[in-house]
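J.: final.cif is reproduced in full below (mmCIF, C-alpha atoms and all ligand atoms).
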```
data_model
loop_
_atom_site.label_atom_id
_atom_site.label_comp_id
_atom_site.auth_asym_id
_atom_site.auth_seq_id
_atom_site.Cartn_x
_atom_site.Cartn_y
_atom_site.Cartn_z
CA MET A 1 -38.40 1.72 4.78
CA THR A 2 -39.44 -1.39 6.71
CA VAL A 3 -36.51 -3.67 6.00
CA HIS A 4 -34.32 -4.19 9.05
CA ILE A 5 -30.81 -2.89 8.45
CA ARG A 6 -28.19 -3.46 11.17
CA GLY A 7 -27.97 -0.26 13.21
CA ASP A 8 -24.20 -0.53 13.72
CA LEU A 9 -23.63 -0.18 9.97
CA ALA A 10 -24.63 3.50 10.17
CA ALA A 11 -21.15 4.22 11.56
CA LEU A 12 -19.54 2.96 8.36
CA GLN A 13 -18.92 5.18 5.35
CA CYS A 14 -20.60 4.19 2.10
CA THR A 15 -18.28 3.35 -0.76
CA SER A 16 -18.01 6.46 -2.90
CA ASP A 17 -15.53 8.06 -5.23
CA GLY A 18 -15.48 11.21 -3.15
CA GLU A 19 -14.70 14.22 -5.27
CA ARG A 20 -12.09 12.76 -7.58
CA PRO A 21 -11.83 15.13 -10.52
CA VAL A 22 -11.17 13.23 -13.73
CA ALA A 23 -8.67 15.76 -15.04
CA ALA A 24 -6.44 15.82 -11.97
CA ILE A 25 -3.08 14.12 -11.64
CA ARG A 26 -3.95 11.21 -9.43
CA LEU A 27 -1.37 10.62 -6.74
CA ASP A 28 -3.92 9.60 -4.11
CA ARG A 29 -4.27 5.82 -4.47
CA ASN A 30 -0.76 4.42 -4.69
CA GLU A 31 -1.40 3.20 -8.20
CA LEU A 32 1.56 2.46 -10.43
CA PRO A 33 1.78 5.00 -13.28
CA ASP A 34 3.15 2.50 -15.81
CA GLY A 35 0.01 0.42 -16.36
CA PRO A 36 -0.09 -3.38 -16.42
CA LEU A 37 2.88 -5.37 -17.69
CA PRO A 38 2.58 -6.05 -21.45
CA HIS A 39 2.35 -9.83 -20.92
CA ALA A 40 -0.55 -9.29 -18.55
CA VAL A 41 -2.42 -7.25 -21.15
CA ALA A 42 -1.90 -10.01 -23.71
CA ALA A 43 -3.15 -12.61 -21.22
CA ILE A 44 -6.26 -10.51 -20.48
CA ARG A 45 -6.99 -10.17 -24.21
CA SER A 46 -6.76 -13.89 -24.80
CA ALA A 47 -8.75 -14.77 -21.67
CA ALA A 48 -11.52 -12.39 -22.80
CA GLU A 49 -12.56 -14.95 -25.44
CA ALA A 50 -13.73 -17.33 -22.72
CA VAL A 51 -15.56 -15.11 -20.27
CA HIS A 52 -18.86 -16.84 -21.00
CA ARG A 53 -17.46 -19.60 -18.73
CA TYR A 54 -17.15 -19.29 -14.97
CA PRO A 55 -13.58 -18.99 -13.74
CA ASP A 56 -11.83 -21.81 -11.89
CA PRO A 57 -13.21 -21.22 -8.36
CA THR A 58 -9.99 -22.59 -6.83
CA ALA A 59 -7.71 -20.59 -9.19
CA ALA A 60 -5.52 -23.71 -9.16
CA ALA A 61 -3.04 -22.63 -11.86
CA LEU A 62 -2.48 -19.26 -10.20
CA VAL A 63 -2.28 -20.72 -6.70
CA ASP A 64 0.43 -23.13 -7.93
CA ARG A 65 2.30 -20.28 -9.60
CA ILE A 66 2.14 -18.13 -6.44
CA ALA A 67 3.30 -21.07 -4.30
CA ARG A 68 6.32 -21.45 -6.58
CA HIS A 69 6.91 -17.69 -6.48
CA VAL A 70 7.01 -17.51 -2.67
CA GLY A 71 8.57 -20.93 -2.09
CA THR A 72 5.71 -22.73 -0.41
CA THR A 73 3.07 -25.36 -1.20
CA ALA A 74 -0.33 -24.79 -2.80
CA ASP A 75 -2.23 -25.74 0.36
CA ARG A 76 -0.74 -22.62 1.99
CA VAL A 77 -2.00 -20.15 -0.63
CA THR A 78 -5.36 -18.73 -1.60
CA VAL A 79 -6.44 -15.79 -3.75
CA GLY A 80 -9.05 -13.10 -3.28
CA CYS A 81 -10.82 -10.33 -5.16
CA GLY A 82 -8.14 -7.86 -4.05
CA SER A 83 -6.28 -8.32 -0.78
CA ALA A 84 -8.91 -5.96 0.66
CA ASN A 85 -11.42 -8.81 0.43
CA LEU A 86 -8.94 -11.15 2.08
CA CYS A 87 -8.66 -8.67 4.99
CA GLN A 88 -12.38 -9.02 5.53
CA HIS A 89 -12.33 -12.79 5.12
CA LEU A 90 -9.57 -13.08 7.71
CA VAL A 91 -11.65 -11.17 10.25
CA GLN A 92 -14.74 -13.20 9.38
CA ALA A 93 -12.74 -16.40 9.80
CA THR A 94 -11.32 -15.50 13.21
CA CYS A 95 -13.70 -13.14 15.04
CA ASP A 96 -17.03 -13.54 16.75
CA PRO A 97 -19.01 -10.40 17.63
CA ASP A 98 -17.20 -8.37 20.33
CA ASP A 99 -13.87 -10.03 19.68
CA GLU A 100 -11.01 -7.62 19.09
CA VAL A 101 -8.84 -6.68 16.14
CA VAL A 102 -5.60 -4.79 16.91
CA PHE A 103 -3.71 -2.64 14.41
CA GLY A 104 -1.39 0.37 14.29
CA TRP A 105 -2.87 3.78 13.47
CA PRO A 106 -2.73 5.39 11.03
CA SER A 107 -2.64 2.31 8.87
CA PHE A 108 -4.73 0.84 6.07
CA GLU A 109 -8.14 2.41 6.54
CA LEU A 110 -10.03 -0.74 5.77
CA TYR A 111 -8.95 -2.52 8.98
CA PRO A 112 -11.49 -0.83 11.31
CA ALA A 113 -14.18 -1.06 8.65
CA VAL A 114 -13.87 -4.83 8.15
CA ALA A 115 -13.79 -5.34 11.90
CA ARG A 116 -17.05 -3.46 12.25
CA VAL A 117 -18.76 -5.35 9.44
CA VAL A 118 -18.14 -8.54 11.41
CA GLY A 119 -19.19 -6.92 14.70
CA ALA A 120 -15.65 -7.11 16.10
CA ARG A 121 -14.08 -4.24 18.05
CA SER A 122 -11.13 -2.22 16.76
CA ARG A 123 -8.12 -1.57 18.97
CA PRO A 124 -6.01 1.02 17.12
CA VAL A 125 -2.53 1.68 18.54
CA PRO A 126 -0.93 5.04 17.64
CA THR A 127 2.29 4.98 15.64
CA THR A 128 5.52 6.14 17.30
CA ALA A 129 6.89 9.69 17.14
CA GLY A 130 8.96 8.48 14.18
CA HIS A 131 5.74 7.35 12.39
CA GLY A 132 6.60 3.64 12.71
CA LEU A 133 4.39 0.89 14.08
CA ASP A 134 4.65 0.62 17.87
CA LEU A 135 5.22 -3.10 18.34
CA ASP A 136 5.34 -2.91 22.14
CA GLY A 137 2.11 -0.91 22.06
CA LEU A 138 0.52 -3.56 19.84
CA LEU A 139 1.61 -6.31 22.25
CA ALA A 140 0.22 -4.33 25.19
CA ALA A 141 -3.14 -3.96 23.40
CA ILE A 142 -3.69 -7.73 23.24
CA THR A 143 -6.46 -8.97 25.54
CA ARG A 144 -8.28 -12.27 25.98
CA ARG A 145 -10.68 -11.11 23.25
CA THR A 146 -7.98 -10.37 20.66
CA ARG A 147 -8.26 -12.67 17.66
CA LEU A 148 -6.34 -10.87 14.96
CA ILE A 149 -3.56 -8.26 14.57
CA PHE A 150 -3.06 -6.43 11.28
CA LEU A 151 0.56 -5.42 10.86
CA CYS A 152 1.06 -3.47 7.68
CA ASN A 153 4.73 -3.76 6.68
CA PRO A 154 5.69 -1.38 5.16
CA ASN A 155 2.90 0.67 6.65
CA ASN A 156 0.30 2.50 4.60
CA PRO A 157 0.14 5.53 4.88
CA THR A 158 3.39 6.30 6.75
CA GLY A 159 5.69 4.27 4.44
CA THR A 160 7.81 3.10 7.40
CA ALA A 161 8.92 -0.50 7.84
CA VAL A 162 9.52 -2.84 10.75
CA HIS A 163 12.84 -4.68 10.79
CA ARG A 164 13.50 -8.41 11.14
CA ALA A 165 14.81 -8.49 14.72
CA GLU A 166 11.94 -6.44 16.19
CA LEU A 167 9.31 -8.25 14.16
CA THR A 168 10.65 -11.66 15.16
CA ARG A 169 10.62 -10.64 18.81
CA PHE A 170 7.08 -9.36 18.38
CA LEU A 171 5.88 -12.60 16.80
CA ASP A 172 7.57 -14.60 19.57
CA ASN A 173 5.48 -12.70 22.11
CA VAL A 174 2.05 -12.91 20.48
CA PRO A 175 -0.11 -15.72 21.90
CA GLU A 176 -0.41 -18.61 19.45
CA SER A 177 -4.20 -18.28 19.38
CA VAL A 178 -3.97 -14.78 17.85
CA LEU A 179 -3.52 -14.53 14.08
CA VAL A 180 -0.93 -11.95 12.99
CA VAL A 181 -1.63 -10.73 9.46
CA LEU A 182 1.46 -9.24 7.82
CA ASP A 183 -0.03 -7.03 5.12
CA GLU A 184 2.71 -6.69 2.51
CA ALA A 185 0.85 -4.79 -0.20
CA TYR A 186 4.01 -2.75 -0.90
CA ARG A 187 6.62 -5.50 -0.50
CA GLU A 188 7.97 -5.10 -4.04
CA PHE A 189 9.23 -1.59 -3.24
CA VAL A 190 11.35 -2.69 -0.27
CA THR A 191 15.11 -2.57 -0.83
CA ASP A 192 16.30 -2.67 2.81
CA SER A 193 17.45 -6.25 3.45
CA ASP A 194 16.63 -5.86 7.16
CA VAL A 195 12.93 -5.61 6.31
CA PRO A 196 11.93 -9.27 6.38
CA ASP A 197 9.99 -11.13 3.73
CA GLY A 198 6.86 -12.30 5.54
CA ALA A 199 6.79 -15.48 3.48
CA HIS A 200 10.01 -16.52 5.26
CA LEU A 201 8.85 -15.36 8.67
CA LEU A 202 5.74 -17.47 8.70
CA GLN A 203 7.70 -20.69 8.31
CA GLY A 204 7.15 -22.64 11.51
CA ARG A 205 4.51 -20.19 12.75
CA ASP A 206 0.91 -21.30 12.23
CA ASN A 207 -0.49 -18.03 13.61
CA VAL A 208 1.01 -15.80 10.92
CA ALA A 209 -0.55 -14.95 7.55
CA VAL A 210 0.88 -12.82 4.77
CA LEU A 211 -1.21 -10.72 2.39
CA ARG A 212 0.05 -9.50 -0.98
CA THR A 213 -1.61 -7.78 -3.90
CA PHE A 214 -1.25 -7.42 -7.65
CA SER A 215 -2.75 -3.91 -7.42
CA LYS A 216 0.41 -1.93 -6.73
CA ALA A 217 3.77 -2.93 -8.27
CA TYR A 218 2.11 -5.19 -10.83
CA GLY A 219 -0.24 -2.44 -12.01
CA LEU A 220 -3.38 -4.58 -11.86
CA ALA A 221 -5.51 -2.52 -9.45
CA GLY A 222 -8.49 -2.65 -11.79
CA MET A 223 -8.31 -6.45 -12.03
CA ARG A 224 -8.88 -6.88 -8.28
CA ILE A 225 -6.61 -9.69 -7.25
CA GLY A 226 -4.50 -10.44 -4.19
CA TYR A 227 -3.34 -13.47 -2.26
CA ALA A 228 -2.80 -14.88 1.21
CA ILE A 229 -0.09 -17.23 2.44
CA ALA A 230 -0.80 -19.03 5.73
CA ALA A 231 -1.07 -22.38 7.47
CA PRO A 232 -3.39 -24.83 5.64
CA GLU A 233 -6.06 -24.50 8.40
CA VAL A 234 -6.20 -20.72 7.91
CA ILE A 235 -6.31 -21.10 4.13
CA THR A 236 -9.19 -23.59 4.42
CA ALA A 237 -11.10 -21.17 6.65
CA LEU A 238 -10.59 -18.39 4.08
CA ARG A 239 -11.92 -20.65 1.35
CA ARG A 240 -14.98 -21.39 3.47
CA VAL A 241 -15.91 -17.72 3.98
CA GLY A 242 -15.04 -16.55 0.44
CA VAL A 243 -17.73 -16.14 -2.21
CA PRO A 244 -17.20 -18.67 -5.03
CA PHE A 245 -16.02 -17.34 -8.41
CA SER A 246 -15.19 -13.89 -7.03
CA VAL A 247 -11.70 -13.94 -8.58
CA ASN A 248 -12.45 -13.64 -12.28
CA SER A 249 -10.67 -15.48 -15.07
CA LEU A 250 -9.03 -12.38 -16.57
CA ALA A 251 -7.48 -11.55 -13.22
CA GLN A 252 -6.23 -15.10 -12.76
CA ARG A 253 -4.53 -15.15 -16.14
CA ALA A 254 -3.14 -11.61 -15.79
CA ALA A 255 -1.62 -12.48 -12.41
CA ILE A 256 0.14 -15.57 -13.77
CA ALA A 257 1.53 -13.57 -16.71
CA SER A 258 2.71 -10.86 -14.30
CA LEU A 259 4.56 -13.32 -12.08
CA ASP A 260 6.25 -14.71 -15.19
CA ALA A 261 7.58 -11.23 -16.05
CA GLY A 262 9.85 -10.83 -13.00
CA ASP A 263 12.59 -8.78 -14.67
CA GLU A 264 10.19 -6.21 -16.10
CA LEU A 265 8.59 -5.87 -12.70
CA ALA A 266 11.95 -5.31 -11.02
CA ALA A 267 12.83 -2.60 -13.56
CA ARG A 268 9.64 -0.62 -12.99
CA CYS A 269 9.98 -0.88 -9.22
CA ARG A 270 13.57 0.39 -9.49
CA ASN A 271 12.32 3.44 -11.38
CA ILE A 272 9.77 4.25 -8.69
CA ILE A 273 12.35 3.75 -5.94
CA LEU A 274 14.86 6.04 -7.71
CA GLU A 275 12.24 8.70 -8.23
CA ARG A 276 11.22 8.40 -4.56
CA ASP A 277 14.70 8.39 -3.00
CA ASP A 278 16.73 10.51 -5.44
CA TRP A 279 14.20 13.15 -6.31
CA VAL A 280 10.81 13.51 -4.67
CA ARG A 281 11.76 12.92 -1.03
CA PRO A 282 15.01 14.91 -1.07
CA THR A 283 13.24 17.76 -2.81
CA LEU A 284 10.51 17.82 -0.17
CA LEU A 285 13.10 17.66 2.62
CA ALA A 286 14.98 20.49 0.99
CA VAL A 287 11.98 22.78 1.09
CA GLY A 288 11.64 22.08 4.80
CA LEU A 289 8.99 19.38 5.03
CA GLU A 290 9.22 16.37 7.33
CA VAL A 291 9.10 13.18 5.22
CA PRO A 292 9.84 9.82 6.86
CA GLU A 293 11.98 7.40 4.86
CA SER A 294 9.63 5.35 2.69
CA HIS A 295 9.77 1.66 1.74
CA THR A 296 6.78 1.97 -0.57
CA ASN A 297 5.62 3.77 -3.72
CA PHE A 298 4.37 6.74 -1.73
CA LEU A 299 5.56 9.34 0.77
CA TRP A 300 4.00 10.52 4.02
CA LEU A 301 3.93 14.17 5.01
CA PRO A 302 2.90 14.45 8.68
CA LEU A 303 1.37 17.90 8.26
CA GLY A 304 -1.01 17.76 11.22
CA GLN A 305 -3.39 20.72 11.13
CA ARG A 306 -1.98 21.82 7.75
CA THR A 307 -3.20 18.57 6.13
CA VAL A 308 -6.49 19.79 4.69
CA PRO A 309 -5.18 23.19 3.46
CA PHE A 310 -2.21 21.39 1.84
CA ARG A 311 -4.46 18.81 0.16
CA ASP A 312 -6.83 21.52 -1.11
CA HIS A 313 -3.92 23.60 -2.35
CA CYS A 314 -2.56 20.62 -4.33
CA LEU A 315 -6.00 20.04 -5.81
CA ARG A 316 -6.20 23.66 -6.93
CA HIS A 317 -2.92 22.95 -8.73
CA GLY A 318 -4.46 19.90 -10.42
CA VAL A 319 -2.85 17.26 -8.18
CA LEU A 320 -4.91 14.84 -6.14
CA VAL A 321 -3.20 13.62 -2.94
CA ARG A 322 -4.67 11.69 -0.03
CA GLY A 323 -5.33 13.67 3.13
CA PHE A 324 -5.78 11.97 6.51
CA ALA A 325 -7.54 14.64 8.55
CA ALA A 326 -5.24 16.35 11.08
CA ALA A 327 -2.59 13.66 10.59
CA GLY A 328 -0.93 14.03 7.23
CA VAL A 329 -0.91 13.70 3.49
CA ARG A 330 0.06 10.64 1.49
CA VAL A 331 1.32 11.18 -2.01
CA SER A 332 2.02 8.39 -4.49
CA ILE A 333 5.10 8.41 -6.71
CA GLY A 334 3.86 8.90 -10.26
CA GLU A 335 5.40 9.78 -13.61
CA PRO A 336 8.28 12.31 -13.39
CA GLN A 337 6.16 15.15 -14.76
CA GLU A 338 3.35 14.29 -12.33
CA ASN A 339 5.80 14.32 -9.43
CA ASP A 340 7.17 17.65 -10.59
CA ALA A 341 3.65 19.09 -10.71
CA PHE A 342 3.17 17.91 -7.13
CA LEU A 343 6.53 19.29 -6.02
CA ALA A 344 5.70 22.64 -7.57
CA ALA A 345 2.37 22.66 -5.72
CA ALA A 346 4.09 21.72 -2.45
CA ALA A 347 6.69 24.44 -2.92
CA SER A 348 4.08 27.08 -3.67
CA PHE A 349 2.16 26.04 -0.53
CA LEU A 350 5.33 26.81 1.42
CA ARG A 351 6.04 29.85 -0.77
CA ALA A 352 9.26 28.24 -1.96
CA PRO A 353 10.22 28.37 -5.65
CA ALA A 354 9.01 25.54 -7.90
CA PRO A 355 11.67 22.82 -7.48
CA ALA A 356 11.47 21.17 -10.87
CA ALA A 357 11.88 24.42 -12.77
CA VAL A 358 14.83 25.43 -10.61
CA ALA A 359 16.60 22.10 -10.71
CA ARG A 360 16.02 20.67 -14.08
CA GLY A 361 17.15 23.42 -16.34
CA ASP A 362 16.11 21.34 -19.34
CA ASP A 363 13.59 18.71 -20.21
CA ASN A 364 16.14 16.03 -20.59
CA ARG A 365 14.72 13.55 -18.12
CA ASP A 366 14.43 9.95 -18.87
CA ARG A 367 13.32 7.12 -16.63
CA GLY A 368 16.30 4.87 -16.21
CA ALA A 369 19.97 5.09 -15.57
CA VAL A 370 20.54 8.77 -16.30
CA ARG A 371 17.84 10.62 -14.49
CA ARG A 372 16.94 14.21 -14.42
CA THR A 373 19.51 16.67 -15.68
CA ASP A 374 23.14 16.98 -16.47
CA LEU A 375 23.68 18.37 -12.97
CA PRO A 376 25.86 16.12 -10.79
CA PRO A 377 23.94 14.05 -8.18
CA GLY A 378 22.81 16.14 -5.23
CA ARG A 379 23.26 19.41 -7.06
CA ALA A 380 19.66 19.75 -8.13
CA VAL A 381 18.46 19.29 -4.58
CA ALA A 382 21.05 21.65 -3.19
CA ASN A 383 19.80 24.28 -5.61
CA VAL A 384 16.24 23.82 -4.44
CA ALA A 385 17.35 24.10 -0.82
CA ALA A 386 19.31 27.26 -1.50
CA ASN A 387 16.38 28.85 -3.23
CA ALA A 388 13.92 27.79 -0.56
CA GLN A 389 16.18 29.34 2.03
CA HIS A 390 16.34 32.48 0.01
CA ASP A 391 12.60 32.60 -0.32
CA LYS A 392 12.06 32.10 3.39
CA SER A 393 14.39 34.89 4.29
CA GLU A 394 12.34 37.17 2.09
CA GLY A 395 9.40 36.32 4.31
N1 LIG B 401 -3.40 -3.52 2.09
C1 LIG B 401 -2.87 -2.30 2.00
C2 LIG B 401 -1.87 -1.90 3.01
C3 LIG B 401 -3.27 -1.43 1.00
O1 LIG B 401 -2.74 -0.21 0.94
C4 LIG B 401 -4.23 -1.86 0.06
C5 LIG B 401 -4.71 -0.97 -1.03
N2 LIG B 401 -4.62 0.37 -0.84
C6 LIG B 401 -4.74 -3.14 0.19
C7 LIG B 401 -4.31 -3.94 1.22
C8 LIG B 401 -5.80 -3.66 -0.72
O2 LIG B 401 -5.33 -3.81 -2.01
P1 LIG B 401 -6.20 -4.55 -3.10
O3 LIG B 401 -7.54 -4.84 -2.53
O4 LIG B 401 -6.25 -3.63 -4.25
O5 LIG B 401 -5.46 -5.83 -3.39
#
```
Show this structure as structure tokens.

T.:
Amino acid sequence: MTVHIRGDLAALQCTSDGERPVAAIRLDRNELPDGPLPHAVAAIRSAAEAVHRYPDPTAAALVDRIARHVGTTADRVTVGCGSANLCQHLVQATCDPDDEVVFGWPSFELYPAVARVVGARSRPVPTTAGHGLDLDGLLAAITRRTRLIFLCNPNNPTGTAVHRAELTRFLDNVPESVLVVLDEAYREFVTDSDVPDGAHLLQGRDNVAVLRTFSKAYGLAGMRIGYAIAAPEVITALRRVGVPFSVNSLAQRAAIASLDAGDELAARCRNIILERDDWVRPTLLAVGLEVPESHTNFLWLPLGQRTVPFRDHCLRHGVLVRGFAAAGVRVSIGEPQENDAFLAAAASFLRAPAPAAVARGDDNRDRGAVRRTDLPPGRAVANVAANAQHDKSEG
């Protein structure tokens, strides 16, 4: 091999699908189980007729629709081939080699990778004991070389969220020359009104950008489309570094159709939130696991050294979860039967009885208003707890 390849790239992992068994229940990528919204599928079908033409490189119709959706003007919005690409473009637009990118850790794993691709340095700041982002720590990590801060709210993988008052104070203390990127990939799953909408926060602040994606709540992960909201100068810089035509025409049309189907989106998010808060998390807590409150479509289990054995155990039970070595496991909320398979695997790891079998008693679960069984609320979980206790005392 005689071609010169940058030596620093050797530290980066190649893109690979790891060992993702096709047959497993996939709760490792925070995908929505429901699939795309029906209107989006129809839009993709009709757009397929015209894929011999290049897409609109400015995605003007979609940009207008997003601007209306978030209450801003089109010059403050741009789209990307997934918000992952926009993460990279933001670093490319702000950092020279050896400049610094600050972010909480653990957080979205792409942040250090995109920094390295640009030759910038990563400054990870550990999360707090409660698994939240340490805003004071992030402020303290800012140096003269800091150009960008990624603040994932709610945070992937811990699921925790930063509240309005602390985030406002944080933004007030960041130097105006540093771009704060509020990554809101999971915004649609937030129900706590104290968790601010970044689109409101950036009003009057030219050094704040918001990233959103159609990959999660909208069920369009395979379409690869996300967007950024920021000051016009930042948006122009993103358009300069982006590769033309990288947001394809199917994705553009599917995203517009998805934004037009607001009520259907809200209903599916409600289902995920109910499953998360009324079943999966309480069941895990009841068997004795630590699970921080989540504002996303996944849960975080800070298992430390038990992370890899737990992940491997789940896989042996046909459930794929995401392990973050020696830190914890992230598990997405899937279909009820998928969640029950995971809960059974988790319980057997802890040698507790299988929660779903204990609690449900019948198969009468429906997504929607009436949930799992004819047991009164709280009863199912109490049963699981009682049985777990029993099991523990048997050693
Ligand atoms: N930000 C966060 C926090 C994420 O978790 C993800 C996907 N896992 C992304 C950005 C990228 O999403 P996409 O590229 O699919 O839009």

J.: Which of these residues is nearest to Leu265 of chain A, using only C-alpha atoms: A:Phe298, A:Phe189, A:Phe324, A:Tyr111?

T.: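 Comparing A:Phe298, A:Phe189, A:Phe324, A:Tyr111 against Leu265 of chain A, the winner is A:Phe189.
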
J.: Go through A:Ala325, A:Ala60, A:Leu250, A:Ile229 and flag the residue nearest Val180 of chain A, using all atoms listed in the file for the distances.

T.: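 Using all atoms listed in the file, the shortest distance to Val180 of chain A belongs to A:Ile229.
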
J.: Under the rule that all atoms listed in the file are counted, which of A:Glu264, A:Glu335, A:Glu109, A:Asp28 is the nearest residue to Leu299 of chain A?

T.: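 Answer, going by the shortest atom-to-atom distance: A:Asp28.
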
J.: Might you pull out every residue within 8 Å of Ala47 of chain A, with all atoms listed in the file counted and same-chain residues fewer than 4 positions away left off, and present them as a list in words?

T.: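 Answer for this query is Ala43, Val51, Ser249, Leu250 and Arg253 of chain A.
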
J.: Could you please take those selected residues and save C-alpha atoms as a PDB file, in the frame of the given file?

T.:
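selection20.pdb, freshly written:
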```
ATOM      1  CA  ALA A  43      -3.150 -12.610 -21.220  1.00  0.00           C
ATOM      2  CA  VAL A  51     -15.560 -15.110 -20.270  1.00  0.00           C
ATOM      3  CA  SER A 249     -10.670 -15.480 -15.070  1.00  0.00           C
ATOM      4  CA  LEU A 250      -9.030 -12.380 -16.570  1.00  0.00           C
ATOM      5  CA  ARG A 253      -4.530 -15.150 -16.140  1.00  0.00           C
TER       6      ARG A 253
END
```

J.: How would you report the residues lying within 7 Å of ligand LIG 401 (chain B), as a list of chain:residue names, if you count all atoms listed in the file?

T.: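 After applying the 7 Å limit, what remains is A:Arg29, A:Asn30, A:Cys81, A:Gly82, A:Ser83, A:Ala84, A:Asn85, A:Phe108, A:Cys152, A:Asn155, A:Asn156, A:Asp183, A:Glu184, A:Ala185, A:Thr213, A:Phe214, A:Ser215, A:Ala221, A:Arg224, A:Ile225, A:Gly226.
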
J.: Since the input has fewer atoms than a full residue there, write segment 230-246 of chain A out with N, CA and C atoms, as a PDB file, in the frame of the given file.

T.:
```
ATOM      1  N   ALA A 230      -0.575 -18.726   4.304  1.00  0.00           N
ATOM      2  CA  ALA A 230      -0.800 -19.030   5.730  1.00  0.00           C
ATOM      3  C   ALA A 230      -0.800 -20.543   5.920  1.00  0.00           C
ATOM      4  N   ALA A 231      -0.954 -20.952   7.161  1.00  0.00           N
ATOM      5  CA  ALA A 231      -1.070 -22.380   7.470  1.00  0.00           C
ATOM      6  C   ALA A 231      -2.299 -22.954   6.769  1.00  0.00           C
ATOM      7  N   PRO A 232      -2.270 -24.237   6.379  1.00  0.00           N
ATOM      8  CA  PRO A 232      -3.390 -24.830   5.640  1.00  0.00           C
ATOM      9  C   PRO A 232      -4.748 -24.631   6.340  1.00  0.00           C
ATOM     10  N   GLU A 233      -4.771 -24.660   7.686  1.00  0.00           N
ATOM     11  CA  GLU A 233      -6.060 -24.500   8.400  1.00  0.00           C
ATOM     12  C   GLU A 233      -6.630 -23.096   8.168  1.00  0.00           C
ATOM     13  N   VAL A 234      -5.749 -22.103   8.146  1.00  0.00           N
ATOM     14  CA  VAL A 234      -6.200 -20.720   7.910  1.00  0.00           C
ATOM     15  C   VAL A 234      -6.681 -20.587   6.471  1.00  0.00           C
ATOM     16  N   ILE A 235      -5.937 -21.169   5.546  1.00  0.00           N
ATOM     17  CA  ILE A 235      -6.310 -21.100   4.130  1.00  0.00           C
ATOM     18  C   ILE A 235      -7.676 -21.767   3.918  1.00  0.00           C
ATOM     19  N   THR A 236      -7.893 -22.900   4.552  1.00  0.00           N
ATOM     20  CA  THR A 236      -9.190 -23.590   4.420  1.00  0.00           C
ATOM     21  C   THR A 236     -10.316 -22.707   4.953  1.00  0.00           C
ATOM     22  N   ALA A 237     -10.063 -22.042   6.080  1.00  0.00           N
ATOM     23  CA  ALA A 237     -11.100 -21.170   6.650  1.00  0.00           C
ATOM     24  C   ALA A 237     -11.396 -20.013   5.685  1.00  0.00           C
ATOM     25  N   LEU A 238     -10.369 -19.471   5.049  1.00  0.00           N
ATOM     26  CA  LEU A 238     -10.590 -18.390   4.080  1.00  0.00           C
ATOM     27  C   LEU A 238     -11.426 -18.890   2.906  1.00  0.00           C
ATOM     28  N   ARG A 239     -11.149 -20.105   2.474  1.00  0.00           N
ATOM     29  CA  ARG A 239     -11.920 -20.650   1.350  1.00  0.00           C
ATOM     30  C   ARG A 239     -13.367 -20.882   1.750  1.00  0.00           C
ATOM     31  N   ARG A 240     -13.592 -21.180   3.022  1.00  0.00           N
ATOM     32  CA  ARG A 240     -14.980 -21.390   3.470  1.00  0.00           C
ATOM     33  C   ARG A 240     -15.767 -20.079   3.457  1.00  0.00           C
ATOM     34  N   VAL A 241     -15.131 -18.964   3.882  1.00  0.00           N
ATOM     35  CA  VAL A 241     -15.910 -17.720   3.980  1.00  0.00           C
ATOM     36  C   VAL A 241     -15.962 -16.961   2.638  1.00  0.00           C
ATOM     37  N   GLY A 242     -15.066 -17.280   1.714  1.00  0.00           N
ATOM     38  CA  GLY A 242     -15.040 -16.550   0.440  1.00  0.00           C
ATOM     39  C   GLY A 242     -16.259 -16.871  -0.426  1.00  0.00           C
ATOM     40  N   VAL A 243     -16.612 -15.921  -1.280  1.00  0.00           N
ATOM     41  CA  VAL A 243     -17.730 -16.140  -2.210  1.00  0.00           C
ATOM     42  C   VAL A 243     -17.168 -16.820  -3.466  1.00  0.00           C
ATOM     43  N   PRO A 244     -17.758 -17.960  -3.871  1.00  0.00           N
ATOM     44  CA  PRO A 244     -17.200 -18.670  -5.030  1.00  0.00           C
ATOM     45  C   PRO A 244     -17.161 -17.802  -6.286  1.00  0.00           C
ATOM     46  N   PHE A 245     -16.186 -18.005  -7.096  1.00  0.00           N
ATOM     47  CA  PHE A 245     -16.020 -17.340  -8.410  1.00  0.00           C
ATOM     48  C   PHE A 245     -15.732 -15.841  -8.297  1.00  0.00           C
ATOM     49  N   SER A 246     -15.361 -15.343  -7.121  1.00  0.00           N
ATOM     50  CA  SER A 246     -15.190 -13.890  -7.030  1.00  0.00           C
ATOM     51  C   SER A 246     -13.863 -13.422  -7.642  1.00  0.00           C
TER      52      SER A 246
END
```
